[in-house]
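Structure file target-v3.cif with mmCIF, C-alpha atoms:
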data_coords
loop_
_atom_site.label_atom_id
_atom_site.label_comp_id
_atom_site.auth_asym_id
_atom_site.auth_seq_id
_atom_site.Cartn_x
_atom_site.Cartn_y
_atom_site.Cartn_z
CA MET O 1 14.68 2.67 -24.79
CA PHE O 2 18.12 1.64 -23.48
CA GLY O 3 18.70 1.05 -19.77
CA TYR O 4 15.15 1.22 -18.46
CA ASP O 5 14.91 1.76 -14.69
CA LEU O 6 11.59 1.34 -12.86
CA GLY O 7 10.47 2.21 -9.35
CA ILE O 8 7.57 -0.02 -8.30
CA ASP O 9 5.23 0.30 -5.33
CA LEU O 10 3.90 -3.23 -4.88
CA GLY O 11 0.90 -2.34 -2.79
CA THR O 12 -1.90 -4.64 -1.66
CA SER O 13 -4.49 -2.26 -3.17
CA SER O 14 -2.53 -0.51 -5.94
CA LEU O 15 0.49 -1.11 -8.12
CA VAL O 16 2.25 2.13 -9.06
CA ILE O 17 5.24 2.37 -11.41
CA SER O 18 7.52 5.39 -11.76
CA VAL O 19 10.39 6.12 -14.15
CA PRO O 20 13.23 8.51 -13.21
CA GLY O 21 12.80 11.73 -15.16
CA LYS O 22 9.22 10.87 -16.16
CA GLY O 23 7.42 10.46 -12.84
CA ILE O 24 4.41 8.17 -12.40
CA VAL O 25 3.72 6.21 -15.58
CA LEU O 26 1.23 3.60 -14.29
CA ASN O 27 -1.24 3.49 -11.41
CA GLU O 28 -3.58 0.48 -11.36
CA PRO O 29 -5.46 -1.52 -8.71
CA SER O 30 -3.54 -4.70 -7.72
CA TYR O 31 -6.33 -7.02 -8.85
CA VAL O 32 -6.44 -9.84 -11.38
CA ALA O 33 -9.36 -11.71 -12.91
CA TYR O 34 -8.31 -15.22 -13.88
CA ASP O 35 -9.73 -18.40 -15.37
CA THR O 36 -10.05 -20.90 -12.52
CA GLN O 37 -9.64 -23.82 -14.98
CA THR O 38 -6.29 -22.69 -16.43
CA ASP O 39 -5.00 -20.17 -13.82
CA LYS O 40 -4.35 -17.70 -16.65
CA ILE O 41 -5.20 -14.04 -16.03
CA LEU O 42 -7.92 -12.55 -18.21
CA TYR O 43 -7.74 -8.96 -16.92
CA ALA O 44 -5.46 -7.05 -14.60
CA GLY O 45 -5.84 -3.71 -12.88
CA ARG O 46 -8.91 -1.49 -13.10
CA ARG O 47 -11.02 -3.85 -15.22
CA ALA O 48 -10.46 -6.73 -12.78
CA TYR O 49 -11.14 -4.41 -9.82
CA TYR O 50 -14.59 -3.45 -11.12
CA LEU O 51 -15.37 -7.09 -11.91
CA GLN O 52 -15.03 -8.11 -8.25
CA GLY O 53 -18.36 -9.38 -6.94
CA ARG O 54 -19.69 -9.60 -10.51
CA GLU O 55 -17.59 -12.53 -11.78
CA PRO O 56 -19.01 -14.87 -14.47
CA LYS O 57 -18.70 -18.63 -14.15
CA ASP O 58 -15.14 -20.02 -13.93
CA VAL O 59 -13.68 -16.56 -13.35
CA GLU O 60 -12.38 -15.34 -10.00
CA VAL O 61 -11.04 -11.95 -8.94
CA LEU O 62 -8.38 -11.66 -6.24
CA GLN O 63 -5.48 -9.58 -4.98
CA PRO O 64 -2.35 -11.70 -5.56
CA LEU O 65 -0.49 -9.54 -3.01
CA ARG O 66 -1.85 -9.53 0.54
CA ASP O 67 -0.47 -7.46 3.41
CA GLY O 68 2.37 -6.38 1.14
CA VAL O 69 3.62 -9.92 0.41
CA ILE O 70 2.89 -12.49 -2.30
CA SER O 71 -0.11 -14.74 -1.69
CA ASN O 72 -0.20 -16.29 -5.18
CA TYR O 73 3.15 -16.62 -6.98
CA SER O 74 1.88 -17.43 -10.47
CA LEU O 75 -0.78 -14.72 -10.61
CA THR O 76 1.59 -12.11 -9.14
CA GLN O 77 4.15 -12.96 -11.82
CA GLN O 78 1.56 -12.72 -14.60
CA MET O 79 0.24 -9.40 -13.26
CA LEU O 80 3.72 -7.88 -12.94
CA LYS O 81 4.74 -9.07 -16.40
CA TYR O 82 1.62 -7.50 -17.89
CA PHE O 83 2.20 -4.13 -16.20
CA ILE O 84 5.98 -4.02 -16.81
CA ASN O 85 5.41 -4.74 -20.51
CA ARG O 86 2.83 -1.94 -20.64
CA VAL O 87 5.49 0.48 -19.42
CA ILE O 88 8.57 -0.67 -21.36
CA LYS O 89 6.48 -1.62 -24.44
CA LYS O 90 8.70 -3.36 -27.01
CA SER O 91 12.06 -2.56 -25.44
CA ILE O 92 14.47 -5.46 -25.83
CA PHE O 93 16.32 -4.38 -22.67
CA LYS O 94 15.12 -5.74 -19.34
CA PRO O 95 14.69 -3.05 -16.67
CA ARG O 96 16.45 -2.62 -13.34
CA VAL O 97 13.81 -2.35 -10.62
CA VAL O 98 13.67 -0.79 -7.17
CA ALA O 99 10.58 -2.21 -5.47
CA SER O 100 9.01 -1.44 -2.11
CA THR O 101 8.56 -4.08 0.56
CA PRO O 102 6.99 -4.01 4.06
CA ALA O 103 9.51 -2.91 6.67
CA MET O 104 9.28 -6.18 8.61
CA ALA O 105 9.16 -8.58 5.63
CA THR O 106 11.03 -11.84 6.24
CA ASP O 107 14.04 -13.02 4.18
CA VAL O 108 11.86 -15.72 2.60
CA GLU O 109 9.24 -13.16 1.57
CA LYS O 110 11.93 -10.89 0.12
CA ARG O 111 13.54 -13.71 -1.86
CA MET O 112 10.15 -14.67 -3.27
CA LEU O 113 9.48 -11.07 -4.28
CA VAL O 114 12.83 -10.76 -6.08
CA SER O 115 12.26 -14.13 -7.76
CA VAL O 116 8.79 -13.26 -9.04
CA MET O 117 9.93 -9.87 -10.39
CA ILE O 118 12.88 -11.37 -12.27
CA ASN O 119 10.61 -14.04 -13.74
CA ALA O 120 8.20 -11.23 -14.71
CA GLY O 121 10.90 -9.53 -16.77
CA ALA O 122 13.22 -7.53 -14.50
CA ARG O 123 16.99 -7.68 -15.12
CA SER O 124 17.83 -7.07 -11.46
CA VAL O 125 15.88 -6.04 -8.36
CA CYS O 126 16.65 -4.03 -5.24
CA LEU O 127 14.11 -4.10 -2.41
CA VAL O 128 13.71 -0.96 -0.28
CA GLU O 129 11.38 -0.73 2.72
CA GLU O 130 8.10 1.11 2.14
CA PRO O 131 8.56 3.81 4.83
CA LEU O 132 12.03 4.62 3.46
CA CYS O 133 10.60 4.94 -0.07
CA ALA O 134 7.73 7.05 1.30
CA ALA O 135 10.20 9.39 3.03
CA PHE O 136 12.19 9.84 -0.20
CA GLY O 137 8.97 10.40 -2.15
CA ALA O 138 7.90 13.05 0.37
CA GLY O 139 11.06 15.03 -0.32
CA VAL O 140 13.42 13.78 2.39
CA ASP O 141 17.03 13.97 1.18
CA PRO O 142 18.73 10.56 1.72
CA SER O 143 22.03 12.35 2.43
CA HIS O 144 20.55 14.61 5.14
CA PRO O 145 21.31 13.56 8.75
CA ASN O 146 18.20 15.05 10.39
CA GLY O 147 15.60 12.59 11.64
CA VAL O 148 12.07 12.35 10.21
CA PHE O 149 9.10 10.22 11.32
CA ILE O 150 7.07 8.74 8.46
CA ILE O 151 3.85 6.71 8.77
CA ASP O 152 2.73 4.92 5.60
CA ILE O 153 -0.84 3.56 5.80
CA GLY O 154 -1.50 1.50 2.70
CA GLY O 155 -4.03 -1.16 1.79
CA GLY O 156 -2.51 -4.18 3.55
CA THR O 157 -0.01 -2.80 6.07
CA THR O 158 0.85 0.27 8.09
CA ASP O 159 4.60 0.84 8.02
CA MET O 160 6.20 3.47 10.23
CA ALA O 161 9.84 4.42 10.64
CA VAL O 162 12.24 7.04 11.93
CA VAL O 163 14.56 7.84 9.01
CA SER O 164 17.95 9.55 9.13
CA GLN O 165 20.78 9.79 6.57
CA GLY O 166 19.09 7.43 4.09
CA SER O 167 18.50 4.66 6.63
CA MET O 168 15.90 3.61 9.21
CA SER O 169 16.87 3.82 12.88
CA GLN O 170 13.51 2.50 14.14
CA THR O 171 10.72 0.72 12.29
CA GLU O 172 7.40 -1.05 12.90
CA THR O 173 4.83 -2.81 10.71
CA LEU O 174 1.18 -3.47 11.54
CA ARG O 175 -1.14 -5.59 9.42
CA ILE O 176 -3.89 -3.04 9.97
CA ALA O 177 -4.61 -0.67 7.09
CA GLY O 178 -7.15 0.21 4.39
CA ASN O 179 -8.36 -3.33 3.63
CA ALA O 180 -8.86 -4.05 7.35
CA PHE O 181 -10.87 -0.81 7.62
CA ASP O 182 -13.13 -2.01 4.76
CA GLU O 183 -13.64 -5.42 6.40
CA GLU O 184 -14.53 -3.75 9.70
CA ILE O 185 -17.10 -1.54 7.95
CA ILE O 186 -18.66 -4.65 6.34
CA ARG O 187 -18.90 -6.32 9.78
CA PHE O 188 -20.29 -3.15 11.39
CA MET O 189 -23.01 -2.72 8.74
CA LYS O 190 -24.16 -6.30 9.20
CA GLU O 191 -24.22 -6.06 13.00
CA LYS O 192 -25.90 -2.66 13.29
CA TYR O 193 -28.14 -2.49 10.22
CA ASP O 194 -28.59 -6.19 9.28
CA ILE O 195 -27.33 -5.36 5.80
CA GLN O 196 -24.64 -7.22 3.87
CA ILE O 197 -22.50 -5.00 1.65
CA GLY O 198 -19.60 -5.80 -0.67
CA PRO O 199 -16.00 -4.58 -0.41
CA ARG O 200 -16.55 -1.92 -3.11
CA THR O 201 -19.44 -0.40 -1.12
CA ALA O 202 -17.40 -0.52 2.10
CA GLU O 203 -14.53 1.28 0.39
CA GLU O 204 -16.93 3.92 -0.97
CA ILE O 205 -18.33 4.49 2.54
CA LYS O 206 -14.79 4.84 3.95
CA LYS O 207 -13.72 7.33 1.28
CA SER O 208 -16.96 9.34 1.27
CA ILE O 209 -17.83 9.70 4.95
CA GLY O 210 -15.20 7.77 6.92
CA CYS O 211 -13.31 9.73 9.58
CA ALA O 212 -10.73 9.21 12.30
CA MET O 213 -12.10 12.00 14.52
CA PRO O 214 -15.79 12.88 15.07
CA ARG O 215 -17.01 15.55 12.66
CA ASP O 216 -18.63 18.71 13.99
CA ASN O 217 -21.27 18.40 11.27
CA ASP O 218 -22.22 14.75 10.89
CA VAL O 219 -22.71 13.60 7.28
CA THR O 220 -24.72 10.63 6.06
CA MET O 221 -24.68 8.25 3.13
CA THR O 222 -27.11 5.70 1.76
CA ALA O 223 -25.61 2.22 1.57
CA LYS O 224 -27.20 -0.44 -0.64
CA GLY O 225 -26.85 -4.16 -0.09
CA ARG O 226 -28.70 -7.34 0.81
CA ASP O 227 -30.83 -7.88 3.89
CA ALA O 228 -28.90 -10.24 6.16
CA LEU O 229 -32.14 -11.89 7.33
CA THR O 230 -34.34 -12.12 4.21
CA GLY O 231 -31.76 -11.95 1.44
CA MET O 232 -33.76 -9.20 -0.26
CA PRO O 233 -32.35 -5.81 -1.42
CA LYS O 234 -32.02 -3.28 1.40
CA THR O 235 -30.75 0.26 1.96
CA ALA O 236 -29.49 1.89 5.14
CA GLU O 237 -28.51 5.42 6.15
CA VAL O 238 -25.07 5.40 7.75
CA THR O 239 -23.44 8.42 9.41
CA SER O 240 -19.79 9.49 9.44
CA ASN O 241 -19.64 9.34 13.23
CA ASP O 242 -20.92 5.74 13.07
CA ILE O 243 -17.91 4.90 10.88
CA CYS O 244 -15.62 6.85 13.22
CA HIS O 245 -16.82 4.71 16.15
CA CYS O 246 -16.45 1.56 14.02
CA LEU O 247 -12.80 2.30 13.07
CA LYS O 248 -11.73 3.69 16.46
CA PRO O 249 -10.26 0.43 17.94
CA MET O 250 -8.07 -0.16 14.87
CA LEU O 251 -6.91 3.45 14.72
CA ASN O 252 -6.07 3.31 18.44
CA GLU O 253 -3.79 0.32 17.75
CA ILE O 254 -1.94 2.26 15.06
CA THR O 255 -1.49 5.38 17.21
CA ALA O 256 -0.34 3.21 20.16
CA ALA O 257 2.33 1.60 17.92
CA ALA O 258 3.48 5.07 16.84
CA GLN O 259 3.81 6.11 20.49
CA VAL O 260 5.93 3.02 21.25
CA LEU O 261 8.15 3.80 18.25
CA PHE O 262 8.66 7.31 19.59
CA GLU O 263 9.67 5.88 22.98
CA ARG O 264 12.36 3.72 21.30
CA THR O 265 13.82 6.66 19.37
CA SER O 266 16.96 8.49 20.52
CA PRO O 267 16.46 11.92 22.17
CA GLN O 268 18.34 13.74 19.39
CA LEU O 269 16.14 12.26 16.68
CA VAL O 270 13.02 13.08 18.73
CA THR O 271 14.27 16.68 18.88
CA ASP O 272 14.60 16.70 15.08
CA ILE O 273 11.08 15.32 14.64
CA THR O 274 9.43 17.72 17.09
CA SER O 275 11.18 20.63 15.35
CA SER O 276 9.36 19.75 12.11
CA TYR O 277 6.41 17.36 11.77
CA VAL O 278 5.41 13.72 11.36
CA MET O 279 4.60 12.71 7.76
CA LEU O 280 1.52 10.68 6.81
CA ALA O 281 1.67 8.78 3.50
CA GLY O 282 -0.23 5.96 1.78
CA GLY O 283 -3.70 5.78 0.26
CA SER O 284 -5.43 5.55 3.67
CA ALA O 285 -3.65 8.70 4.95
CA GLU O 286 -6.42 10.82 3.42
CA LEU O 287 -9.01 9.51 5.90
CA TYR O 288 -10.68 12.60 7.35
CA GLY O 289 -9.14 13.72 10.66
CA LEU O 290 -6.31 11.16 10.66
CA ASP O 291 -3.62 13.85 10.91
CA SER O 292 -5.43 15.39 13.91
CA LEU O 293 -5.71 11.97 15.59
CA PHE O 294 -1.95 11.33 15.31
CA SER O 295 -1.12 14.89 16.34
CA GLU O 296 -3.21 14.48 19.50
CA ALA O 297 -1.66 11.07 20.28
CA LEU O 298 1.98 12.08 19.65
CA GLY O 299 1.93 15.71 20.76
CA VAL O 300 3.61 16.97 17.54
CA ASP O 301 2.46 18.44 14.24
CA VAL O 302 1.34 15.83 11.70
CA LYS O 303 0.84 16.52 7.99
CA VAL O 304 -0.40 14.44 5.06
CA VAL O 305 2.23 14.55 2.29
CA ASP O 306 1.37 15.60 -1.26
CA ASP O 307 -0.07 12.75 -3.35
CA PRO O 308 0.16 10.27 -0.44
CA GLN O 309 -0.89 7.27 -2.56
CA LEU O 310 1.94 7.89 -5.07
CA CYS O 311 4.58 8.71 -2.47
CA VAL O 312 6.17 5.24 -2.23
CA ALA O 313 6.51 4.85 -6.03
CA LYS O 314 8.06 8.32 -6.31
CA GLY O 315 10.48 7.37 -3.54
CA ALA O 316 11.46 4.15 -5.32
CA SER O 317 12.41 6.30 -8.31
CA VAL O 318 14.50 8.58 -6.03
CA ALA O 319 16.20 5.47 -4.61
CA LEU O 320 17.30 4.52 -8.13
CA ASP O 321 19.13 7.84 -8.39
CA LYS O 322 20.60 7.56 -4.87
CA MET O 323 21.87 3.97 -4.95
CA HIS O 324 25.42 5.23 -4.26
CA ILE O 325 24.13 6.31 -0.82
CA LEU O 326 21.86 3.30 -0.17
CA ASP O 327 24.69 0.94 -1.11
CA ASN O 328 26.42 1.95 2.13
CA TYR O 329 23.49 0.42 4.07
CA GLY O 330 23.48 -2.90 2.21
CA TYR O 331 20.90 -2.13 -0.48
CA GLN O 332 22.02 -3.95 -3.64
CA PHE O 333 20.50 -5.17 -6.88
CA LYS O 334 19.87 -8.91 -6.94
CA THR O 335 20.03 -10.86 -10.20
CA LYS O 336 18.69 -14.21 -11.34
CA GLU O 337 21.84 -15.94 -10.08
CA ASP O 338 21.62 -14.32 -6.64
CA VAL O 339 18.24 -15.89 -5.90
CA ARG O 340 18.97 -19.18 -7.71
CA ILE O 341 15.89 -19.27 -9.89
CA GLY O 342 15.34 -21.02 -13.18
#
This entry written out as structure tokens:
Amino acid sequence: MFGYDLGIDLGTSSLVISVPGKGIVLNEPSYVAYDTQTDKILYAGRRAYYLQGREPKDVEVLQPLRDGVISNYSLTQQMLKYFINRVIKKSIFKPRVVASTPAMATDVEKRMLVSVMINAGARSVCLVEEPLCAAFGAGVDPSHPNGVFIIDIGGGTTDMAVVSQGSMSQTETLRIAGNAFDEEIIRFMKEKYDIQIGPRTAEEIKKSIGCAMPRDNDVTMTAKGRDALTGMPKTAEVTSNDICHCLKPMLNEITAAAQVLFERTSPQLVTDITSSYVMLAGGSAELYGLDSLFSEALGVDVKVVDDPQLCVAKGASVALDKMHILDNYGYQFKTKEDVRIG
């Protein structure tokens, strides 16, 4: 296919690729299983994700992107090359890519991201902040002047921004999101029940019974793991309100940051936002009661957007079509020469 364009959500937990006119074409966990002797990846995506905690000798599973930025250059490049080739197949034309990046990413982190994507097979790369992509993916028109407040809670970071006319007037990034929730659940289970669980079990607990507000009808779940004292197999009954109490301090930090962002926003934009609603996006946005928690903290209506996990990738695809608008705010495609890579 001539002139491939890709929108890529480079998430800590998931890597999602969209193509203008086709929609989402790939959605895989951002995990790789690699040979520790050669540093070559053996599996990427779902197969690597399910191998975590079950690795054979000389094989390790990790997330090469942490908190929205690259933690392992070589493995990130190999993973991206594998997924890009799965999408473009045998096309001889390298794709242009719009990729998401945390709102507060440094220049060094952005240069590294562009470099790794070009080495993975992209012709040129334009980086667009995650909350801006999420707003576009939620249906916000980049050419519309009205202000919207978007909160994108992913795996590694929570990005929030006030967006108007295709640009961000206020933005904030917190390194508290889905992965931090899982780690807190692991710590809580060990402290309260003397049971050690793995990250997959913690994620299952979060998705099944986790909540941001206490439930009227408490629900329970059986968690299986290893006794922290004896090392033997052990099970424990955990309740949803236990998990609510466990996550409360982290969620309070996120809502406090959203309140501060509101305080920094101009009165006219606040009027626009209160006339509509605050948007929740990202994979962690589906946590039970999270919209009610933000609504209570901010005093405005809050709604979870459709397909919150895919929102950023959809928005990256919209950005490809609206580059004539984004170009006015300094968003440009970078090539191999621009980042001086070999």
Query raised in the report: With distances taken over all atoms listed in the file, which of O:Met323, O:Ala281, O:Leu75, O:Asp307 is nearest to O:Asp159?
Result: O:Ala281
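Nearest-residue note for O:Gln63: choosing from O:Ile151, O:Pro267, O:Asp35, O:Asn179, the minimum distance belongs to O:Asn179, counting all atoms listed in the file.
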Query raised in the report: So what do you get for atom CA of O:Val260 versus atom CA of O:Leu298, distance-wise?
Result: 10.0 Å
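Taking atom CA of O:Arg187 as the reference point, atom CA of O:Val61 is found at 21.1 Å.
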Which residues of stretch 70-110 of chain O come within 12 Å of stretch 152-158 of chain O, and what is each one's closest atom pair and distance in Å (one decimal), counting all atoms listed in the file, sorted by chain and residue number, as CSV?
residue,atom,partner,partner_atom,distance
O:Ile70,CA,O:Gly156,CA,11.5
O:Ser100,CA,O:Asp152,CA,11.8
O:Thr101,CA,O:Thr157,CA,10.3
O:Pro102,CA,O:Thr157,CA,7.4
O:Ala103,CA,O:Thr158,CA,9.3
O:Met104,CA,O:Thr157,CA,10.2
O:Ala105,CA,O:Thr157,CA,10.8
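Residues in contact with stretch 221-231 of chain O at up to 7 Å, not including ones fewer than 2 positions away on its chain and judged by all atoms listed in the file, are Lys190, Asp194, Ile195, Gln196, Ile197, Pro233, Lys234, Thr235, Ala236, Glu237, Val238 and Thr239 of chain O.
Atom pair atom CA of O:Arg96 / atom CA of O:Val125 has a distance of 6.1 Å (rounded to one decimal).
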Report task. Quick one: everything within 10 Å of O:Asp39, counting all atoms listed in the file, minus sequence neighbours fewer than 6 positions away in the same chain. Send it as number ranges by chain. Result -> O: 33, 59-60, 74-75, 78
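Every protein, DNA or RNA residue with an atom at most 12 Å from O:Val270, where all atoms listed in the file count and chain neighbours fewer than 3 positions away do not, is listed here: Asn146, Gly147, Val148, Phe149, Val162, Val163, Ser164, Ser169, Gln170, Gln259, Leu261, Phe262, Glu263, Arg264, Thr265, Ser266, Pro267, Ile273, Thr274, Ser275, Ser276, Tyr277, Val278, Leu298, Gly299 and Val300 of chain O.
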Report task. Name the residues that the PyMOL selection byres ((chain O and resi 25) around 12) pulls out of this structure, and write them as a ChimeraX atom specification. Result -> /O:6-9,15-24,26-28,83-84,86-88,310,313-314,317
Query - Residue members of the PyMOL selection byres ((chain O and resi 47-54) around 10) in the file shown, as a PyMOL selection string - result: chain O and resi 13+28-34+41-46+55-57+59-63+198-200
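Counting all atoms listed in the file and comparing O:Gly166, O:Asp216, O:Lys303, O:Ile243, the residue that lies closest to O:Ile325 is O:Gly166.
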Requested in this report: Report the residues retrieved by the PyMOL selection byres ((chain O and resi 126) around 6) from the displayed file, expressed as number ranges by chain.
Outcome: O: 98, 125, 127, 332-333
Those residues with C-alpha atoms, as a PDB file, keeping the file's coordinate frame please?
ATOM      1  CA  VAL O  98      13.670  -0.790  -7.170  1.00  0.00           C
ATOM      2  CA  VAL O 125      15.880  -6.040  -8.360  1.00  0.00           C
ATOM      3  CA  LEU O 127      14.110  -4.100  -2.410  1.00  0.00           C
ATOM      4  CA  GLN O 332      22.020  -3.950  -3.640  1.00  0.00           C
ATOM      5  CA  PHE O 333      20.500  -5.170  -6.880  1.00  0.00           C
TER       6      PHE O 333
END
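Here the question is which of O:Leu293, O:Ala316, O:Leu80, O:Leu251 gets nearest to O:Asn119 using all atoms listed in the file, and that residue is O:Leu80.
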Query - Counting only C-alpha atoms, the residue of O:Leu290, O:Leu280, O:Ala257, O:Ala319 that sits nearest O:Tyr331 - result: O:Ala319
Query - Selection as a ChimeraX atom specification: residues within 12 Å of (-18.0, 0.1, 13.2), counting only C-alpha atoms - result: /O:180-193,202,205-206,210-212,238-251
Would you mind writing stretch 208-225 of chain O with N, CA, C and O atoms, as an mmCIF file, in the coordinates of the input?
data_model
loop_
_atom_site.group_PDB
_atom_site.id
_atom_site.type_symbol
_atom_site.label_atom_id
_atom_site.label_comp_id
_atom_site.auth_asym_id
_atom_site.auth_seq_id
_atom_site.Cartn_x
_atom_site.Cartn_y
_atom_site.Cartn_z
ATOM 1 N N SER O 208 -15.978 8.250 1.336
ATOM 2 C CA SER O 208 -16.960 9.340 1.270
ATOM 3 C C SER O 208 -17.226 9.973 2.635
ATOM 4 O O SER O 208 -17.248 11.199 2.762
ATOM 5 N N ILE O 209 -17.437 9.141 3.655
ATOM 6 C CA ILE O 209 -17.830 9.700 4.950
ATOM 7 C C ILE O 209 -16.990 9.198 6.120
ATOM 8 O O ILE O 209 -17.212 9.601 7.257
ATOM 9 N N GLY O 210 -16.037 8.297 5.843
ATOM 10 C CA GLY O 210 -15.200 7.770 6.920
ATOM 11 C C GLY O 210 -14.388 8.863 7.587
ATOM 12 O O GLY O 210 -14.005 9.850 6.950
ATOM 13 N N CYS O 211 -14.113 8.721 8.863
ATOM 14 C CA CYS O 211 -13.310 9.730 9.580
ATOM 15 C C CYS O 211 -12.630 9.089 10.778
ATOM 16 O O CYS O 211 -13.106 8.102 11.344
ATOM 17 N N ALA O 212 -11.494 9.693 11.151
ATOM 18 C CA ALA O 212 -10.730 9.210 12.300
ATOM 19 C C ALA O 212 -11.079 9.976 13.568
ATOM 20 O O ALA O 212 -10.810 9.511 14.672
ATOM 21 N N MET O 213 -11.649 11.168 13.400
ATOM 22 C CA MET O 213 -12.100 12.000 14.520
ATOM 23 C C MET O 213 -13.548 12.391 14.259
ATOM 24 O O MET O 213 -13.933 12.594 13.103
ATOM 25 N N PRO O 214 -14.388 12.500 15.297
ATOM 26 C CA PRO O 214 -15.790 12.880 15.070
ATOM 27 C C PRO O 214 -15.892 14.220 14.346
ATOM 28 O O PRO O 214 -15.143 15.158 14.625
ATOM 29 N N ARG O 215 -16.794 14.302 13.394
ATOM 30 C CA ARG O 215 -17.010 15.550 12.660
ATOM 31 C C ARG O 215 -17.948 16.451 13.448
ATOM 32 O O ARG O 215 -18.881 15.977 14.100
ATOM 33 N N ASP O 216 -17.711 17.747 13.353
ATOM 34 C CA ASP O 216 -18.630 18.710 13.990
ATOM 35 C C ASP O 216 -20.009 18.636 13.343
ATOM 36 O O ASP O 216 -21.032 18.657 14.019
ATOM 37 N N ASN O 217 -20.010 18.530 12.007
ATOM 38 C CA ASN O 217 -21.270 18.400 11.270
ATOM 39 C C ASN O 217 -21.320 16.993 10.673
ATOM 40 O O ASN O 217 -20.636 16.702 9.690
ATOM 41 N N ASP O 218 -22.115 16.143 11.325
ATOM 42 C CA ASP O 218 -22.220 14.750 10.890
ATOM 43 C C ASP O 218 -22.783 14.669 9.471
ATOM 44 O O ASP O 218 -23.703 15.408 9.118
ATOM 45 N N VAL O 219 -22.196 13.801 8.642
ATOM 46 C CA VAL O 219 -22.710 13.600 7.280
ATOM 47 C C VAL O 219 -23.188 12.165 7.139
ATOM 48 O O VAL O 219 -22.720 11.260 7.842
ATOM 49 N N THR O 220 -24.134 11.965 6.241
ATOM 50 C CA THR O 220 -24.720 10.630 6.060
ATOM 51 C C THR O 220 -24.562 10.150 4.622
ATOM 52 O O THR O 220 -24.279 10.927 3.718
ATOM 53 N N MET O 221 -24.776 8.861 4.463
ATOM 54 C CA MET O 221 -24.680 8.250 3.130
ATOM 55 C C MET O 221 -25.633 7.060 3.090
ATOM 56 O O MET O 221 -25.821 6.358 4.089
ATOM 57 N N THR O 222 -26.229 6.847 1.933
ATOM 58 C CA THR O 222 -27.110 5.700 1.760
ATOM 59 C C THR O 222 -26.301 4.522 1.230
ATOM 60 O O THR O 222 -25.648 4.620 0.188
ATOM 61 N N ALA O 223 -26.326 3.427 1.973
ATOM 62 C CA ALA O 223 -25.610 2.220 1.570
ATOM 63 C C ALA O 223 -26.610 1.186 1.063
ATOM 64 O O ALA O 223 -27.653 0.963 1.692
ATOM 65 N N LYS O 224 -26.312 0.568 -0.064
ATOM 66 C CA LYS O 224 -27.200 -0.440 -0.640
ATOM 67 C C LYS O 224 -26.543 -1.809 -0.541
ATOM 68 O O LYS O 224 -25.335 -1.946 -0.744
ATOM 69 N N GLY O 225 -27.368 -2.806 -0.207
ATOM 70 C CA GLY O 225 -26.850 -4.160 -0.090
ATOM 71 C C GLY O 225 -27.974 -5.169 -0.009
ATOM 72 O O GLY O 225 -29.062 -4.947 -0.551
#
